[in-house]
Protein chains: 2
Amino acid sequence: MGSISAKSEVDVLIVGAGPAGLMMATWMSHCGINARIVDKRGTKIFNGQADGLQCRTLEIFDSFGFGHRAWDESNHMLEICLWNPDANGIIQRSDRIPDTIPGISRFQQVVLHQGRIERFFLDSIESKSGMRVERGVLPTKLEFDESSAEDPNAYPITVTLRHLSEEEATPKQSATSANGAALSDGLYRSNMTPDDTNELIMQAELNKKANNEEIVKAKYMLGADGAHSWVRNQLGFKLEGESTDYIWGVLDIIPITDFPDIRMRCAIHSANSGSVMVIPRENKLVRLYIQLTTTEKGAGTKFDRSKITPEDILQAAQRIMAPYKIAYRYCDWWTAYQIGQRVGTQFSARERIFLAGDAVHTHSPKAGQGMNVSMQDAYNLGWKVASVVKGISDRSVLKTYQSERRRIAQDLIDFDHKFSRLFSGRPAKDVMDEEGISMEGFKEAFEKGNMFASGIAVNYGASVIVAKKGDAAEQGDGSDVAMKKKALQINSNQSLATNVKLGMRMPSFKVLNQSDARPSHFQELLKSNGRWRVIIFPGDISIPQQADRLANLGNILAAPDSFLRRYTPSEARYDSVFELLAVHAAPRQKTTIFDFPEAFRPYDVRDGWDYWKIFVDDQSYHEGHGQIYQNYGIDRQQGCAVILRPDQYVSYVGPMDDHEAIDKFFSAFMIPQRSSHPNGAVSVPNGILKNVTENSSSGMEKQAVRKDERESAGLLVA
Amino acid sequence: MGSISAKSEVDVLIVGAGPAGLMMATWMSHCGINARIVDKRGTKIFNGQADGLQCRTLEIFDSFGFGHRAWDESNHMLEICLWNPDANGIIQRSDRIPDTIPGISRFQQVVLHQGRIERFFLDSIESKSGMRVERGVLPTKLEFDESSAEDPNAYPITVTLRHLSEEEATPKQSATSANGAALSDGLYRSNMTPDDTNELIMQAELNKKANNEEIVKAKYMLGADGAHSWVRNQLGFKLEGESTDYIWGVLDIIPITDFPDIRMRCAIHSANSGSVMVIPRENKLVRLYIQLTTTEKGAGTKFDRSKITPEDILQAAQRIMAPYKIAYRYCDWWTAYQIGQRVGTQFSARERIFLAGDAVHTHSPKAGQGMNVSMQDAYNLGWKVASVVKGISDRSVLKTYQSERRRIAQDLIDFDHKFSRLFSGRPAKDVMDEEGISMEGFKEAFEKGNMFASGIAVNYGASVIVAKKGDAAEQGDGSDVAMKKKALQINSNQSLATNVKLGMRMPSFKVLNQSDARPSHFQELLKSNGRWRVIIFPGDISIPQQADRLANLGNILAAPDSFLRRYTPSEARYDSVFELLAVHAAPRQKTTIFDFPEAFRPYDVRDGWDYWKIFVDDQSYHEGHGQIYQNYGIDRQQGCAVILRPDQYVSYVGPMDDHEAIDKFFSAFMIPQRSSHPNGAVSVPNGILKNVTENSSSGMEKQAVRKDERESAGLLVA
């Protein structure tokens, strides 16, 4: 059926356009990588499915420019109310805890349905590239030439793609949720927002290729194709773990109830009828996770989901939440599940074909982790693949994907295992009731779990890209990702920035731009565009010694043999591989950008000085004082230097002017670029008069200069 | 040329799709009014033109849902640097002041070009209605039947509209800015963002009607057609004031300079070469307002703008900013102007045809006020016209437009007159130099001006919609807008909420939603949708006396003869005319929404209780404590009631339970609605069980209820 119609090459092929695949595609588009993303489904989803967004996920969204969209449209969860049986077995609110631990992020956990999240990804991809999700496209054959895996120019992956007809690509509703009810047309439309229209038009165009096959050769490939991953199966990789659990139902409804905390996140343990978790959502919806069985099934037992109805689920909720009443007139989506905890043994084949998301870890949905961890898998991987494809980094960075993410998956599975048993257990009647779950213990687990569930606790181990002490294999999943070139081994000094933790994501506090006094969160400066950041904290530069150290450092960084130049392609903009930022601690009003060496304010013949690289830790007019030195644990008399990965994780902390250590760090995995002439930044030795008329070679796109402008500029030197 | 092709009727016809016209159209779309908006130009503008956005304007944008877009895309101005000649005549930074006075708004003044602002309006209009700007449409004839002006059902306005061809509708570049340079294609495109594409497609469709004329009959009309207003000329209305001033040039450039404050707003007075104002903008641009003549022209003298070139303007800037250097390679836009201060004598013809924006006031651009005041004119007018068209209010509210806005225009003209002379004057050499301008005086004027320029200082006088003491004519522009029905006269008690100033816009502090603990700025609750708000501050309802007062009030508000019901159409949703909100001061964690009468949490058969009307003044987990009682000056033991207009201005402050005063206030200008049965909110006397199955008449759109849902709901009563 159908004929082979085309052969082509692509740098990166992504299979699956769920959150993990879309995260990968977003990286590719923001880094300018030639990539394709295919999905066997005919349309994106419009409601139901995963919903919680961790703080860390929102930080990541923000780094791609759409954090505010998720923040604005979502429901914000602020408080968790714990409901337990009292002495008479009647449920009562026993405690309240904040849903997100105060202070850990500038975002808090929110809830929004997956369809909107996918929309944000699609828009972000479109804003940066011509890449579009190719829907109704099914991979049917995979060949992998392992012998050329280490050849940077090879395309060792060959995939046959079949373009489905519309009928084939439109799943029965039951395919998107194992037991999801068919949605009526009216409900379907009510979940469609105007910006989904183009999606449907494009689908029709893709269908022109229906029933054809094509062959694609790829350098790299990501299997983000879900729990039943075709890519994983082709590779013969397995998931390991338990496959059974208690049975839970999910209802997405607009509740009609007298339960007073229905707009809070609640964990309700009834005396004998099981548990309910309440997740308040956007558009008046509330999601209820409802325990349907109160005994743990034996391993291997499958329950028959087709026998479960929404009525059964609602009745269970009514029993658990009694004496409060609950009902609904509007149901948006429902399902039931029985999923265990399983994790993949291998996350890649020779660091050429990778797996992410549900393809390598599955667990209970109610931990609110699945979609987040899946997206974060791809967020970890994307910039690494991009930097290798671009020839900036060697392939050694790719091994850290499995080392870093398989460890997280294992931690998640352990957390979920423990948490879901605590949640499904019967509350203890008293301290002597050893079979019951202690509600104090449950609260403690919940509080600890909250830190884990924020995504902020992620702490990557030592590797070629994290200059941390200790055993690299032990800190990761066991893979060997230690620095191989011992001469390039460097040591971080965590004490210079006690709260900028090696291996963890950079915390955020407010700083002011030196040139315009505008406050911003430090994280807002760390856009996801594939750039490494070298951040110099020179301390109080009104202290002569610190000013001297800064000036010396500036000279070295500006030199032609500086790492900034060696690893930046000559035709690229000065900050395309490394962004050099400074945050000083002298009084803002006594400082200007001209107190900084040129390396920190590169000159461009069209745009003049770069005003967006130098920041200050000082009082703002309207948004307080970020106290970033104090909050990062940096001494204002001494300063420090920090290297951040393109994903905002901390690689290195050291003295502000130990440029040799920084140089070594990058030398361990970066590929020297030909540089026939100084890249990017143009030196301005004799003031601006000369430069305005100079036709210096700049890395910037040349701009047509209008005659009257040229004359104006000319007048300056007349 | 062309033939009359159509006759039609419309409730509101808007002429001119600049900021004032678009603001009016936005109101119409958000209030569901049948309106059209036409503009003789063929496309929206893409760069140049007005740029500053006041805090108040951002608050208004936010009330329509696009404040964040302006906030995110704009450049934020934080600080004003004052540069003056030192003893040797060399300019030096003499002072810094905050650009926006801290604490007056949750926004600060920002800068963004008009093309983007128009985009936000267009998107907001489109999100709420089918209305689109009809471009290339020129009104050619206006007939106004004054005799039917007071007949609410009449269409006293007849306008002939001519649909232009594309050639006619495309202005020469010089038409958008008197002396604007023609922009090359490349520059033009660089200013177009992807979301302008549909605009261009639509233009082509409009052109299908080219060369036809049509006749439109309208109930109301707005002339927002600029300084050379065709509508104003048809009505024979005049502008009065001075028509000359100093000559200034404007350059929008990416500057190449060693001036250290180029990213700050600066007022630079040179010793003898005139003044420059620096306005840092988005996309690396900086706008320079540059004084070209240092003597004041005699009244009536016109200068020849065609002789001014960008080179002249740059050279003047270079003289003023010496010894600092300034040049550019990229110029986005430039112009020169010589505008006096003029204000219209009449803002409407019989409150049927209104004028707004430049059509009734012109002044110097550098006060950063023009576009803001123009938009705020239409913001003041829109909801009034909408409420009259809908039959909610009688026509008496329309007189307040001229009374309120002409007063503002006069204040603006006075401010601009004083400020532009201070700005254009030569700095005094010493205290004996009486012809020079005192730099201390300038700074003081600047600081005072900042409050005015924020838009927050607007204080509307007593009228039928502002229950304020004093003489209505005196507090406004002299128009008679006093309450006519003396029996309905009520008195506010400002002392019950000392910082909720009668006639001023409601200040904003954070509150928490009672049901989910989510913090929001109080202003965020005040969406511009045409609704009046009655806000009850019951104080600490854990005090029995306050709880009793609240319960009594709730009973009265729920009664069939309550103003809430008398003035709300029977088929409309319970909160479509009035939104009843409560902000209490009892501890959040000891309160639930069920401690409030039903009037504050109306019940809907599909959606259950309304969880979004009750708020609390308490500590949040992540965003501090709004202290709204303290900040509003409200006693927690006593409380108060506040009436807010649909534009967030304060109409009334009184005791929390003086429902008679509130009833009188609305009775003075609202039109009773037929109400055959209780509108909107459904009483729930016997708990939810009954209601779930009741088929009560609700104002809500009926929703198809799926069989399984009905069964689920049915199970409740089984």
# chains A, B, ... in the order shown; residues from 1 in each chain; ligands from 1
call {"tool": "residues_around", "arguments": {"residues": "segment 246-249 of chain A", "least_positions_apart": "4", "cutoff": "6 Å", "atoms": "only C-alpha atoms", "output": "MDAnalysis selection string"}}
result
chainID A and resid 289:293 296 313 335:338
call {"tool": "select_by_dssp", "arguments": {"residues": "segment 438-666 of chain A", "states": "alpha helix (DSSP H)", "output": "JSON, numbers by chain"}}
result
{"A": [439, 440, 441, 442, 443, 444, 445, 446, 447, 448, 449, 450, 451, 452, 453, 472, 473, 474, 475, 544, 545, 546, 547, 548, 549, 550, 551, 552, 553, 554, 555, 556, 557, 558, 563, 564, 565, 566, 628, 629, 630, 631, 632, 659, 660, 661, 662, 663, 664, 665, 666]}
call {"tool": "residues_around", "arguments": {"residues": "Lys418 of chain A", "least_positions_apart": "5", "cutoff": "9 Å", "atoms": "only C-alpha atoms", "output": "PyMOL selection string"}}
result
chain A and resi 413+423+445
call {"tool": "atom_distance", "arguments": {"atom1": "atom CA of Phe446 of chain A", "atom2": "atom CA of Arg407 of chain A"}}
result
21.4 Å
call {"tool": "residues_around", "arguments": {"residues": "Asp225 of chain B", "least_positions_apart": "5", "cutoff": "10 Å", "atoms": "only C-alpha atoms", "output": "JSON list (two decimals) with N, CA and C atoms, in the first residue's frame"}}
result
[["chain", "number", "residue", "atom", "x", "y", "z"],
["B", 14, "ILE", "N", -17.90, 54.31, 14.57],
["B", 14, "ILE", "CA", -16.65, 54.94, 15.03],
["B", 14, "ILE", "C", -15.85, 55.33, 13.80],
["B", 15, "VAL", "N", -15.47, 56.60, 13.72],
["B", 15, "VAL", "CA", -14.67, 57.07, 12.59],
["B", 15, "VAL", "C", -13.25, 57.30, 13.08],
["B", 16, "GLY", "N", -12.32, 56.53, 12.54],
["B", 16, "GLY", "CA", -10.91, 56.66, 12.95],
["B", 16, "GLY", "C", -10.48, 55.46, 13.77],
["B", 17, "ALA", "N", -9.44, 54.75, 13.29],
["B", 17, "ALA", "CA", -8.97, 53.55, 13.99],
["B", 17, "ALA", "C", -7.59, 53.76, 14.58],
["B", 18, "GLY", "N", -7.35, 54.95, 15.09],
["B", 18, "GLY", "CA", -6.16, 55.18, 15.92],
["B", 18, "GLY", "C", -6.48, 54.72, 17.33],
["B", 20, "ALA", "N", -7.67, 56.14, 20.02],
["B", 20, "ALA", "CA", -8.95, 56.51, 20.62],
["B", 20, "ALA", "C", -10.10, 55.70, 20.00],
["B", 21, "GLY", "N", -10.11, 55.60, 18.69],
["B", 21, "GLY", "CA", -11.16, 54.85, 18.01],
["B", 21, "GLY", "C", -11.12, 53.38, 18.38],
["B", 38, "VAL", "N", -14.48, 52.52, 11.09],
["B", 38, "VAL", "CA", -13.92, 52.74, 9.75],
["B", 38, "VAL", "C", -12.70, 53.67, 9.85],
["B", 39, "ASP", "N", -11.80, 53.50, 8.90],
["B", 39, "ASP", "CA", -10.62, 54.37, 8.84],
["B", 39, "ASP", "C", -10.25, 54.60, 7.39],
["B", 40, "LYS", "N", -9.89, 55.81, 7.08],
["B", 40, "LYS", "CA", -9.61, 56.11, 5.67],
["B", 40, "LYS", "C", -8.27, 55.53, 5.23],
["B", 230, "TRP", "N", -12.48, 65.26, 10.46],
["B", 230, "TRP", "CA", -13.57, 65.52, 9.52],
["B", 230, "TRP", "C", -14.89, 65.65, 10.28],
["B", 231, "VAL", "N", -15.07, 64.81, 11.29],
["B", 231, "VAL", "CA", -16.32, 64.85, 12.06],
["B", 231, "VAL", "C", -16.46, 66.20, 12.75],
["B", 232, "ARG", "N", -15.38, 66.66, 13.35],
["B", 232, "ARG", "CA", -15.42, 67.96, 14.04],
["B", 232, "ARG", "C", -15.74, 69.07, 13.04],
["B", 355, "LEU", "N", -16.65, 63.53, 20.14],
["B", 355, "LEU", "CA", -15.28, 63.67, 19.64],
["B", 355, "LEU", "C", -14.32, 63.21, 20.73],
["B", 356, "ALA", "N", -13.22, 62.61, 20.33],
["B", 356, "ALA", "CA", -12.23, 62.16, 21.32],
["B", 356, "ALA", "C", -10.83, 62.27, 20.75],
["B", 357, "GLY", "N", -9.85, 62.37, 21.64],
["B", 357, "GLY", "CA", -8.45, 62.35, 21.23],
["B", 357, "GLY", "C", -8.03, 63.64, 20.54],
["B", 358, "ASP", "N", -7.14, 63.50, 19.55],
["B", 358, "ASP", "CA", -6.60, 64.67, 18.87],
["B", 358, "ASP", "C", -7.70, 65.53, 18.24],
["B", 359, "ALA", "N", -8.84, 64.96, 18.01],
["B", 359, "ALA", "CA", -9.93, 65.74, 17.43],
["B", 359, "ALA", "C", -10.38, 66.86, 18.37],
["B", 360, "VAL", "N", -10.08, 66.73, 19.65],
["B", 360, "VAL", "CA", -10.48, 67.78, 20.60],
["B", 360, "VAL", "C", -9.35, 68.33, 21.48]]
